[in-house]
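Structure data follow from my_file_4.json (JSON, C-alpha atoms):
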[["chain", "number", "residue", "atom", "x", "y", "z"],
["A", 1, "MET", "CA", -37.95, 12.00, 19.40],
["A", 2, "PRO", "CA", -39.57, 9.68, 16.81],
["A", 3, "ARG", "CA", -37.98, 6.25, 16.33],
["A", 4, "LEU", "CA", -38.57, 4.55, 13.00],
["A", 5, "SER", "CA", -39.33, 0.85, 12.60],
["A", 6, "PRO", "CA", -37.50, -1.37, 10.08],
["A", 7, "SER", "CA", -40.55, -1.21, 7.77],
["A", 8, "ASP", "CA", -40.56, 2.62, 7.96],
["A", 9, "LEU", "CA", -36.86, 2.72, 7.11],
["A", 10, "ASP", "CA", -37.32, 0.29, 4.22],
["A", 11, "LYS", "CA", -40.13, 2.44, 2.81],
["A", 12, "LEU", "CA", -37.93, 5.53, 3.18],
["A", 13, "TYR", "CA", -35.12, 3.76, 1.32],
["A", 14, "GLN", "CA", -37.35, 2.58, -1.54],
["A", 15, "GLU", "CA", -38.77, 6.09, -2.03],
["A", 16, "ALA", "CA", -35.31, 7.65, -2.01],
["A", 17, "GLU", "CA", -33.95, 5.06, -4.44],
["A", 18, "SER", "CA", -36.74, 5.62, -6.95],
["A", 19, "ALA", "CA", -36.29, 9.42, -6.88],
["A", 20, "ASP", "CA", -32.99, 9.40, -8.82],
["A", 21, "LYS", "CA", -33.10, 5.98, -10.46],
["A", 22, "SER", "CA", -32.66, 7.37, -13.97],
["A", 23, "VAL", "CA", -29.77, 9.59, -12.85],
["A", 24, "PHE", "CA", -28.00, 6.65, -11.20],
["A", 25, "SER", "CA", -28.42, 4.64, -14.40],
["A", 26, "GLU", "CA", -26.82, 7.46, -16.37],
["A", 27, "MET", "CA", -23.90, 7.60, -13.91],
["A", 28, "ARG", "CA", -23.20, 3.89, -14.37],
["A", 29, "SER", "CA", -23.48, 4.28, -18.15],
["A", 30, "ASN", "CA", -20.90, 7.07, -17.97],
["A", 31, "LEU", "CA", -18.46, 4.71, -16.27],
["A", 32, "LEU", "CA", -19.07, 2.06, -18.92],
["A", 33, "LEU", "CA", -18.34, 4.64, -21.60],
["A", 34, "VAL", "CA", -15.07, 5.61, -19.93],
["A", 35, "ALA", "CA", -14.05, 1.94, -19.68],
["A", 36, "GLY", "CA", -15.03, 1.22, -23.29],
["A", 37, "GLU", "CA", -17.71, -1.22, -22.11],
["A", 38, "HIS", "CA", -20.65, 0.82, -23.36],
["A", 39, "TYR", "CA", -22.21, -2.05, -25.28],
["A", 40, "ASN", "CA", -23.91, -5.07, -23.81],
["A", 41, "LYS", "CA", -21.29, -7.84, -24.02],
["A", 42, "ARG", "CA", -23.42, -10.07, -26.24],
["A", 43, "LYS", "CA", -24.41, -7.23, -28.53],
["A", 44, "ARG", "CA", -20.84, -5.94, -28.57],
["A", 45, "ARG", "CA", -19.55, -9.29, -29.84],
["A", 46, "GLN", "CA", -22.22, -9.35, -32.56],
["A", 47, "PHE", "CA", -21.41, -5.76, -33.50],
["A", 48, "ILE", "CA", -17.64, -6.39, -33.70],
["A", 49, "ASN", "CA", -18.11, -9.63, -35.68],
["A", 50, "ARG", "CA", -20.34, -7.82, -38.15],
["A", 51, "LEU", "CA", -17.68, -5.15, -38.67],
["A", 52, "ARG", "CA", -14.96, -7.76, -39.12],
["A", 53, "ASP", "CA", -16.92, -9.79, -41.67],
["A", 54, "THR", "CA", -18.32, -6.98, -43.80],
["A", 55, "LYS", "CA", -16.62, -6.23, -47.14],
["A", 56, "ALA", "CA", -18.23, -2.80, -47.51],
["A", 57, "ILE", "CA", -15.87, -1.09, -45.03],
["A", 58, "SER", "CA", -12.12, -0.69, -45.43],
["A", 59, "GLU", "CA", -9.68, -1.92, -42.78],
["A", 60, "ASP", "CA", -8.83, 1.65, -41.67],
["A", 61, "GLN", "CA", -12.49, 2.53, -41.21],
["A", 62, "LYS", "CA", -13.06, -0.62, -39.17],
["A", 63, "LEU", "CA", -10.28, 0.40, -36.82],
["A", 64, "ARG", "CA", -11.62, 3.90, -36.33],
["A", 65, "LEU", "CA", -15.15, 2.67, -35.68],
["A", 66, "THR", "CA", -14.09, 0.47, -32.77],
["A", 67, "LYS", "CA", -11.84, 3.01, -31.02],
["A", 68, "ASN", "CA", -13.01, 4.74, -27.86],
["A", 69, "HIS", "CA", -11.30, 7.99, -26.81],
["A", 70, "ILE", "CA", -13.57, 8.83, -23.88],
["A", 71, "GLY", "CA", -11.27, 7.18, -21.33],
["A", 72, "ARG", "CA", -8.26, 9.18, -22.53],
["A", 73, "ILE", "CA", -10.26, 12.40, -22.59],
["A", 74, "SER", "CA", -11.50, 11.76, -19.05],
["A", 75, "ASN", "CA", -7.94, 11.19, -17.83],
["A", 76, "LEU", "CA", -6.90, 14.46, -19.47],
["A", 77, "TYR", "CA", -9.65, 16.34, -17.61],
["A", 78, "VAL", "CA", -8.69, 14.70, -14.31],
["A", 79, "ASN", "CA", -5.00, 15.52, -14.80],
["A", 80, "ASN", "CA", -5.82, 19.15, -15.60],
["A", 81, "ILE", "CA", -7.94, 19.50, -12.45],
["A", 82, "VAL", "CA", -5.38, 17.86, -10.16],
["A", 83, "SER", "CA", -2.34, 19.66, -11.61],
["A", 84, "GLY", "CA", -4.13, 23.02, -11.51],
["A", 85, "SER", "CA", -5.30, 22.70, -7.91],
["A", 86, "PRO", "CA", -3.32, 25.10, -5.67],
["A", 87, "GLY", "CA", -4.15, 23.26, -2.45],
["A", 88, "VAL", "CA", -4.75, 24.94, 0.92],
["A", 89, "LYS", "CA", -2.49, 27.08, 3.09],
["A", 90, "ILE", "CA", -3.31, 28.28, 6.60],
["A", 91, "THR", "CA", -2.48, 31.95, 7.21],
["A", 92, "PRO", "CA", -2.79, 34.25, 10.27],
["A", 93, "ASP", "CA", -6.08, 36.08, 10.74],
["A", 94, "VAL", "CA", -4.07, 39.25, 11.45],
["A", 95, "ASP", "CA", -0.63, 39.19, 9.84],
["A", 96, "THR", "CA", 0.96, 41.47, 12.44],
["A", 97, "GLU", "CA", -0.33, 39.55, 15.49],
["A", 98, "VAL", "CA", 2.30, 37.18, 16.91],
["A", 99, "GLN", "CA", -0.38, 34.95, 18.48],
["A", 100, "ASP", "CA", -2.15, 34.57, 15.12],
["A", 101, "GLN", "CA", 1.17, 33.77, 13.44],
["A", 102, "LYS", "CA", 1.93, 31.01, 15.96],
["A", 103, "ALA", "CA", -1.60, 29.61, 15.66],
["A", 104, "ALA", "CA", -1.28, 29.53, 11.87],
["A", 105, "GLU", "CA", 2.07, 27.73, 12.09],
["A", 106, "LEU", "CA", 0.64, 25.17, 14.51],
["A", 107, "HIS", "CA", -2.45, 24.49, 12.42],
["A", 108, "GLY", "CA", -0.32, 24.45, 9.28],
["A", 109, "ALA", "CA", 1.86, 21.71, 10.79],
["A", 110, "VAL", "CA", -1.25, 19.69, 11.71],
["A", 111, "TRP", "CA", -2.57, 20.09, 8.16],
["A", 112, "GLU", "CA", 0.72, 18.95, 6.60],
["A", 113, "CYS", "CA", 0.72, 15.90, 8.91],
["A", 114, "ALA", "CA", -2.89, 15.09, 7.97],
["A", 115, "LYS", "CA", -2.14, 15.36, 4.24],
["A", 116, "GLU", "CA", 0.61, 12.77, 4.58],
["A", 117, "LYS", "CA", -1.14, 10.49, 7.09],
["A", 118, "TYR", "CA", -4.42, 10.29, 5.19],
["A", 119, "ARG", "CA", -2.79, 10.37, 1.72],
["A", 120, "LEU", "CA", -4.99, 13.25, 0.67],
["A", 121, "SER", "CA", -3.29, 13.75, -2.69],
["A", 122, "GLU", "CA", -4.44, 10.26, -3.76],
["A", 123, "LYS", "CA", -7.95, 10.86, -2.43],
["A", 124, "ILE", "CA", -8.19, 14.22, -4.21],
["A", 125, "ARG", "CA", -7.39, 12.46, -7.48],
["A", 126, "ASP", "CA", -10.10, 9.88, -6.76],
["A", 127, "PHE", "CA", -12.61, 12.67, -6.12],
["A", 128, "ALA", "CA", -11.57, 14.48, -9.32],
["A", 129, "GLN", "CA", -12.04, 11.21, -11.22],
["A", 130, "ASP", "CA", -15.53, 10.77, -9.77],
["A", 131, "PHE", "CA", -16.37, 14.38, -10.64],
["A", 132, "VAL", "CA", -15.40, 13.87, -14.28],
["A", 133, "GLU", "CA", -16.58, 10.30, -14.88],
["A", 134, "ILE", "CA", -19.68, 10.09, -12.65],
["A", 135, "GLY", "CA", -20.61, 13.77, -12.46],
["A", 136, "GLU", "CA", -20.48, 14.03, -8.63],
["A", 137, "CYS", "CA", -17.92, 13.44, -5.90],
["A", 138, "TRP", "CA", -18.74, 12.73, -2.26],
["A", 139, "ALA", "CA", -16.82, 11.80, 0.88],
["A", 140, "LYS", "CA", -18.01, 10.70, 4.30],
["A", 141, "ILE", "CA", -15.59, 11.72, 7.08],
["A", 142, "ILE", "CA", -16.07, 10.06, 10.47],
["A", 143, "TRP", "CA", -13.99, 9.45, 13.58],
["A", 144, "ASP", "CA", -13.35, 5.71, 13.77],
["A", 145, "PRO", "CA", -12.31, 4.55, 17.27],
["A", 146, "SER", "CA", -11.37, 1.11, 15.91],
["A", 147, "LYS", "CA", -8.47, 2.53, 13.88],
["A", 148, "GLY", "CA", -5.09, 3.97, 14.81],
["A", 149, "GLU", "CA", -2.43, 2.54, 17.13],
["A", 150, "PHE", "CA", -3.21, -0.27, 19.54],
["A", 151, "LYS", "CA", -3.44, 0.93, 23.17],
["A", 152, "GLY", "CA", -4.48, -2.19, 25.09],
["A", 153, "TYR", "CA", -7.64, -4.04, 26.11],
["A", 154, "ASN", "CA", -10.76, -3.13, 28.02],
["A", 155, "GLN", "CA", -11.19, -4.78, 31.39],
["A", 156, "LEU", "CA", -12.82, -8.19, 31.38],
["A", 157, "VAL", "CA", -16.26, -8.38, 33.04],
["A", 158, "ASP", "CA", -18.39, -11.34, 34.03],
["A", 159, "GLU", "CA", -21.93, -12.11, 32.87],
["A", 160, "PHE", "CA", -23.31, -9.72, 35.51],
["A", 161, "GLY", "CA", -21.11, -6.82, 34.38],
["A", 162, "ASN", "CA", -18.72, -7.04, 37.35],
["A", 163, "PRO", "CA", -14.97, -6.50, 36.72],
["A", 164, "VAL", "CA", -12.77, -9.63, 36.71],
["A", 165, "PHE", "CA", -9.29, -9.68, 38.31],
["A", 166, "ASP", "CA", -6.40, -12.11, 37.86],
["A", 167, "GLU", "CA", -4.61, -14.06, 40.62],
["A", 168, "MET", "CA", -2.37, -11.06, 41.32],
["A", 169, "GLY", "CA", -5.36, -8.81, 41.91],
["A", 170, "GLN", "CA", -4.80, -6.91, 38.67],
["A", 171, "PRO", "CA", -7.64, -6.12, 36.24],
["A", 172, "ALA", "CA", -7.94, -8.98, 33.74],
["A", 173, "PRO", "CA", -7.86, -7.84, 30.08],
["A", 174, "ASP", "CA", -10.61, -8.74, 27.65],
["A", 175, "VAL", "CA", -8.63, -9.93, 24.63],
["A", 176, "ASN", "CA", -11.80, -9.75, 22.52],
["A", 177, "SER", "CA", -12.18, -6.03, 23.26],
["A", 178, "PRO", "CA", -9.08, -4.16, 22.00],
["A", 179, "VAL", "CA", -8.71, -0.38, 22.36],
["A", 180, "PHE", "CA", -7.13, 1.84, 19.69],
["A", 181, "THR", "CA", -6.21, 5.53, 19.58],
["A", 182, "GLY", "CA", -8.73, 6.11, 16.77],
["A", 183, "GLU", "CA", -8.36, 8.22, 13.65],
["A", 184, "PHE", "CA", -10.40, 9.86, 10.92],
["A", 185, "ASN", "CA", -11.79, 7.70, 8.15],
["A", 186, "ILE", "CA", -12.29, 9.44, 4.80],
["A", 187, "GLU", "CA", -14.62, 7.19, 2.85],
["A", 188, "ARG", "CA", -15.15, 7.64, -0.88],
["A", 189, "VAL", "CA", -18.86, 7.57, -1.71],
["A", 190, "TYR", "CA", -20.02, 7.10, -5.29],
["A", 191, "GLY", "CA", -22.83, 9.32, -6.49],
["A", 192, "PHE", "CA", -25.15, 6.40, -7.31],
["A", 193, "ASP", "CA", -24.82, 5.14, -3.71],
["A", 194, "LEU", "CA", -26.05, 8.33, -2.03],
["A", 195, "LEU", "CA", -29.81, 8.81, -1.76],
["A", 196, "ARG", "CA", -31.90, 11.83, -0.74],
["A", 197, "ASP", "CA", -35.36, 12.85, 0.32],
["A", 198, "PRO", "CA", -37.45, 12.67, -2.91],
["A", 199, "SER", "CA", -39.49, 15.72, -1.85],
["A", 200, "VAL", "CA", -36.57, 18.18, -2.25],
["A", 201, "LYS", "CA", -34.85, 19.49, -5.36],
["A", 202, "GLU", "CA", -31.36, 20.10, -3.97],
["A", 203, "MET", "CA", -29.20, 17.62, -2.04],
["A", 204, "GLU", "CA", -28.40, 20.29, 0.56],
["A", 205, "GLU", "CA", -32.10, 20.74, 1.33],
["A", 206, "SER", "CA", -32.63, 17.06, 2.19],
["A", 207, "GLU", "CA", -33.39, 16.44, 5.87],
["A", 208, "TYR", "CA", -31.65, 13.09, 5.64],
["A", 209, "LEU", "CA", -29.14, 11.25, 3.45],
["A", 210, "ILE", "CA", -28.90, 7.51, 2.87],
["A", 211, "GLN", "CA", -25.68, 5.76, 1.93],
["A", 212, "ARG", "CA", -25.82, 2.21, 0.65],
["A", 213, "LYS", "CA", -22.74, 0.02, 0.47],
["A", 214, "MET", "CA", -21.63, -3.58, 0.34],
["A", 215, "VAL", "CA", -19.81, -4.76, 3.49],
["A", 216, "GLU", "CA", -17.91, -7.99, 4.17],
["A", 217, "LEU", "CA", -20.28, -10.35, 6.00],
["A", 218, "LYS", "CA", -17.42, -12.04, 7.86],
["A", 219, "GLY", "CA", -16.29, -8.76, 9.45],
["A", 220, "LEU", "CA", -19.81, -7.89, 10.59],
["A", 221, "LYS", "CA", -20.28, -11.31, 12.18],
["A", 222, "PHE", "CA", -17.05, -10.85, 14.12],
["A", 223, "ARG", "CA", -18.20, -7.43, 15.31],
["A", 224, "TYR", "CA", -21.57, -8.71, 16.54],
["A", 225, "ALA", "CA", -20.33, -12.10, 17.77],
["A", 226, "LYS", "CA", -21.74, -11.42, 21.26],
["A", 227, "ASP", "CA", -25.13, -10.17, 20.04],
["A", 228, "PRO", "CA", -27.40, -13.10, 19.01],
["A", 229, "GLU", "CA", -30.21, -10.84, 17.76],
["A", 230, "LYS", "CA", -27.97, -8.97, 15.34],
["A", 231, "LEU", "CA", -26.28, -12.17, 14.24],
["A", 232, "LYS", "CA", -29.73, -13.48, 13.36],
["A", 233, "LEU", "CA", -30.29, -10.44, 11.12],
["A", 234, "LEU", "CA", -27.03, -11.18, 9.31],
["A", 235, "ASP", "CA", -27.84, -14.89, 8.99],
["A", 236, "GLU", "CA", -31.16, -14.07, 7.31],
["A", 237, "THR", "CA", -29.31, -12.49, 4.38],
["A", 238, "GLU", "CA", -26.32, -14.84, 4.31],
["A", 239, "ASP", "CA", -27.66, -16.92, 1.41],
["A", 240, "GLU", "CA", -28.60, -13.90, -0.70],
["A", 241, "THR", "CA", -26.63, -13.21, -3.87],
["A", 242, "PHE", "CA", -26.16, -9.55, -4.74],
["A", 243, "VAL", "CA", -25.43, -8.18, -8.19],
["A", 244, "ILE", "CA", -23.26, -5.11, -7.63],
["A", 245, "PHE", "CA", -21.65, -2.51, -9.86],
["A", 246, "ASP", "CA", -17.90, -2.35, -9.22],
["A", 247, "ASN", "CA", -16.48, 1.08, -10.05],
["A", 248, "ASN", "CA", -12.95, -0.35, -10.21],
["A", 249, "SER", "CA", -13.74, -2.97, -12.85],
["A", 250, "LYS", "CA", -16.54, -0.87, -14.40],
["A", 251, "ASP", "CA", -18.75, -3.93, -14.57],
["A", 252, "TYR", "CA", -21.48, -5.85, -12.74],
["A", 253, "SER", "CA", -20.62, -8.90, -10.67],
["A", 254, "ALA", "CA", -22.37, -11.33, -8.33],
["A", 255, "THR", "CA", -21.22, -11.82, -4.75],
["A", 256, "LYS", "CA", -22.36, -13.91, -1.76],
["A", 257, "ASP", "CA", -19.62, -12.84, 0.67],
["A", 258, "LYS", "CA", -21.01, -9.35, 1.21],
["A", 259, "ILE", "CA", -24.19, -7.81, 2.56],
["A", 260, "LEU", "CA", -26.01, -4.61, 1.62],
["A", 261, "ILE", "CA", -25.90, -2.05, 4.45],
["A", 262, "ARG", "CA", -28.08, 1.06, 4.48],
["A", 263, "GLU", "CA", -26.87, 3.99, 6.55],
["A", 264, "PHE", "CA", -29.46, 6.69, 7.35],
["A", 265, "TYR", "CA", -28.26, 10.09, 8.63],
["A", 266, "TRP", "CA", -30.58, 12.87, 9.76],
["A", 267, "LYS", "CA", -29.27, 16.40, 10.12],
["A", 268, "PRO", "CA", -29.94, 18.29, 13.39],
["A", 269, "SER", "CA", -33.50, 19.61, 13.20],
["A", 270, "PRO", "CA", -36.51, 20.28, 15.48],
["A", 271, "ARG", "CA", -37.41, 16.59, 15.12],
["A", 272, "TYR", "CA", -33.85, 15.40, 15.86],
["A", 273, "PRO", "CA", -32.06, 18.24, 17.75],
["A", 274, "GLN", "CA", -28.79, 16.25, 17.97],
["A", 275, "GLY", "CA", -29.21, 14.57, 14.60],
["A", 276, "TYR", "CA", -29.87, 10.86, 14.28],
["A", 277, "PHE", "CA", -28.54, 7.79, 12.49],
["A", 278, "CYS", "CA", -29.66, 4.24, 11.71],
["A", 279, "ILE", "CA", -27.54, 1.47, 10.22],
["A", 280, "THR", "CA", -29.70, -1.33, 8.85],
["A", 281, "THR", "CA", -29.81, -4.46, 6.76],
["A", 282, "LYS", "CA", -32.83, -5.50, 4.72],
["A", 283, "SER", "CA", -34.02, -7.50, 7.74],
["A", 284, "GLY", "CA", -33.58, -5.06, 10.62],
["A", 285, "ILE", "CA", -31.61, -2.40, 12.52],
["A", 286, "LEU", "CA", -27.99, -2.98, 13.56],
["A", 287, "GLU", "CA", -27.27, 0.42, 15.17],
["A", 288, "GLN", "CA", -29.20, 3.60, 15.88],
["A", 289, "GLY", "CA", -28.98, 6.69, 18.04],
["A", 290, "GLU", "CA", -28.09, 10.39, 18.12],
["A", 291, "LEU", "CA", -25.10, 11.50, 16.04],
["A", 292, "PRO", "CA", -21.94, 11.15, 18.19],
["A", 293, "PHE", "CA", -19.51, 14.00, 18.91]]

Structure re-expressed in structure tokens:
Amino acid sequence: MPRLSPSDLDKLYQEAESADKSVFSEMRSNLLLVAGEHYNKRKRRQFINRLRDTKAISEDQKLRLTKNHIGRISNLYVNNIVSGSPGVKITPDVDTEVQDQKAAELHGAVWECAKEKYRLSEKIRDFAQDFVEIGECWAKIIWDPSKGEFKGYNQLVDEFGNPVFDEMGQPAPDVNSPVFTGEFNIERVYGFDLLRDPSVKEMEESEYLIQRKMVELKGLKFRYAKDPEKLKLLDETEDETFVIFDNNSKDYSATKDKILIREFYWKPSPRYPQGYFCITTKSGILEQGELPF
């Protein structure tokens, strides 16, 4: 099984990013159009001032020229998609079979619970909005063992890996290693943050996918507090300032409290029979291995 070096992964990322650079630029422009921010701020001020000062255009015409209906039209499309969606219902494979009927009822109850627990109606609206405004909608669904209800702590071990017991002879808890029940995490992924193999024409044909995202640096440092090598990777990018596009504000902003994470995922293939993943920063690899579960 081939293992890629940080330089190999960086080259892979740069190639994938350049493949759809013009498409990603168009996606961001679409969001600016929806938000009414489709002019450069400096040029927009000059444009508006010129309209205000000119005597050749009537007041009514000035008003019409500066209106933007794209946001309202987009909302209309999103509302039509969401209101027209019939949803999903689980039915028996064979209507007359009692076992199939019970199985359908059981799975139907699980589905209704999941819709409420994971607030799927809100997420479906977000995906419909991405479909209309960006042109694509994506979600990454993973099992996150760090979420859910708190169960307790792992047992404390010493520097040699031996279990530690308290004065009563009971296993001592490691308060820095909590255990949760876990739950699914449905992560919204914007189209301009999902990269593909540049040698393929369709996303489905790509052997691997790369997701890039900004992550809070403070949270990562807490997670890797006991790993000096990985902390060093995070420290190397701590002073970097990133200019990111915020889909919520529909604008670019600078941040120093976050770090760019690149997540590589390979599908199961002859090269990686169980699939493979790498989670990296610009400086090195944080996690890698076969796809879990």

From atom CA of Val23 of chain A to atom CA of Glu136 of chain A the spacing works out at 11.1 Å

note - atom CA of Gly191 of chain A and atom CA of Tyr77 of chain A are separated by 18.6 Å

- Show which residues sit within 10 Å of Thr281 of chain A, as a ChimeraX atom specification. Count all atoms listed in the file, and ignore same-chain residues fewer than 4 positions away. /A:6,10,212,230,233-234,236-237,259-263,285-286

Note to self: Excluding Leu195 of chain A and its own-chain neighbours fewer than 3 positions away, which residues fall within 6 Å of it when counting only C-alpha atoms? Please give them as a PyMOL selection string.
What the structure shows: chain A and resi 16+209-210

In Å, with one decimal, what is the gap from atom CA of Glu229 of chain A to atom CA of Lys267 of chain A?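 Atom CA of Glu229 of chain A sits 28.3 Å away from atom CA of Lys267 of chain A.
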
Please determine the residues with any atom at most 10 Å from (-11.2, -8.5, 22.2) (coordinates as given in the file, with all atoms listed in the file counting) and report them as a ChimeraX atom specification. /A:152-156,173-179,223

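Candidate residues A:Ser29, A:Ala172, A:Asp20, A:Arg119 were compared for distance to Glu202 of chain A, and the nearest is A:Asp20, using only C-alpha atoms.
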
| message | So that I can check the surroundings of Pro292 of chain A, please list as an MDAnalysis selection string every protein, DNA and RNA residue that reaches within 9 Å of it, counting all atoms listed in the file and ignoring chain neighbours fewer than 6 positions away. | response | chainID A and resid 274:276

Save out the residues we just selected, C-alpha atoms, as a compact mmCIF listing (two decimals), in the frame of the given file.
# COMPACT_ATOMS: atom_id res chain seq x y z
CA GLN A 274 -28.79 16.25 17.97
CA GLY A 275 -29.21 14.57 14.60
CA TYR A 276 -29.87 10.86 14.28

Item to check | Among listed residues A:Thr96, A:Thr255, A:Ser269, A:Asn30, nearest Ile134 of chain A (using all atoms listed in the file) | outcome: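 Among the listed residues, A:Asn30 lies closest to Ile134 of chain A.
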
In terms of only C-alpha atoms, the residue from A:Pro171, A:Pro163, A:Pro273, A:Gly87 at minimal distance from Glu112 of chain A is A:Gly87

Let me have the centre and edge lengths of the axis-aligned box enclosing all listed atoms of segment 133-137 of chain A with 5 Å padding on every side, in Å to one decimal, as JSON.
{"center_x": -18.6, "center_y": 12.1, "center_z": -10.4, "size_x": 14.0, "size_y": 13.9, "size_z": 19.0}

*So, counting all atoms listed in the file, which residue among A:Lys123, A:His69, A:His107, A:Lys256 is closest to Val88 of chain A?*
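Of A:Lys123, A:His69, A:His107, A:Lys256, the one nearest Val88 of chain A is A:His107, counting all atoms listed in the file.
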
- Item | Residue contacts of segment 141-146 of chain A (9 Å, all atoms listed in the file) excluding same-chain residues fewer than 6 positions away, as a VMD selection string | chain A and resid 178 to 188 293

Store the residues of this selection in a file with C-alpha atoms, as a PDB file, in the frame of the given file.
ATOM      1  CA  PRO A 178      -9.080  -4.160  22.000  1.00  0.00           C
ATOM      2  CA  VAL A 179      -8.710  -0.380  22.360  1.00  0.00           C
ATOM      3  CA  PHE A 180      -7.130   1.840  19.690  1.00  0.00           C
ATOM      4  CA  THR A 181      -6.210   5.530  19.580  1.00  0.00           C
ATOM      5  CA  GLY A 182      -8.730   6.110  16.770  1.00  0.00           C
ATOM      6  CA  GLU A 183      -8.360   8.220  13.650  1.00  0.00           C
ATOM      7  CA  PHE A 184     -10.400   9.860  10.920  1.00  0.00           C
ATOM      8  CA  ASN A 185     -11.790   7.700   8.150  1.00  0.00           C
ATOM      9  CA  ILE A 186     -12.290   9.440   4.800  1.00  0.00           C
ATOM     10  CA  GLU A 187     -14.620   7.190   2.850  1.00  0.00           C
ATOM     11  CA  ARG A 188     -15.150   7.640  -0.880  1.00  0.00           C
ATOM     12  CA  PHE A 293     -19.510  14.000  18.910  1.00  0.00           C
TER      13      PHE A 293
END

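Proximity of A:Glu149, A:Leu76, A:Tyr208, A:Lys89 to Lys115 of chain A, computed with all atoms listed in the file, is greatest for A:Lys89.
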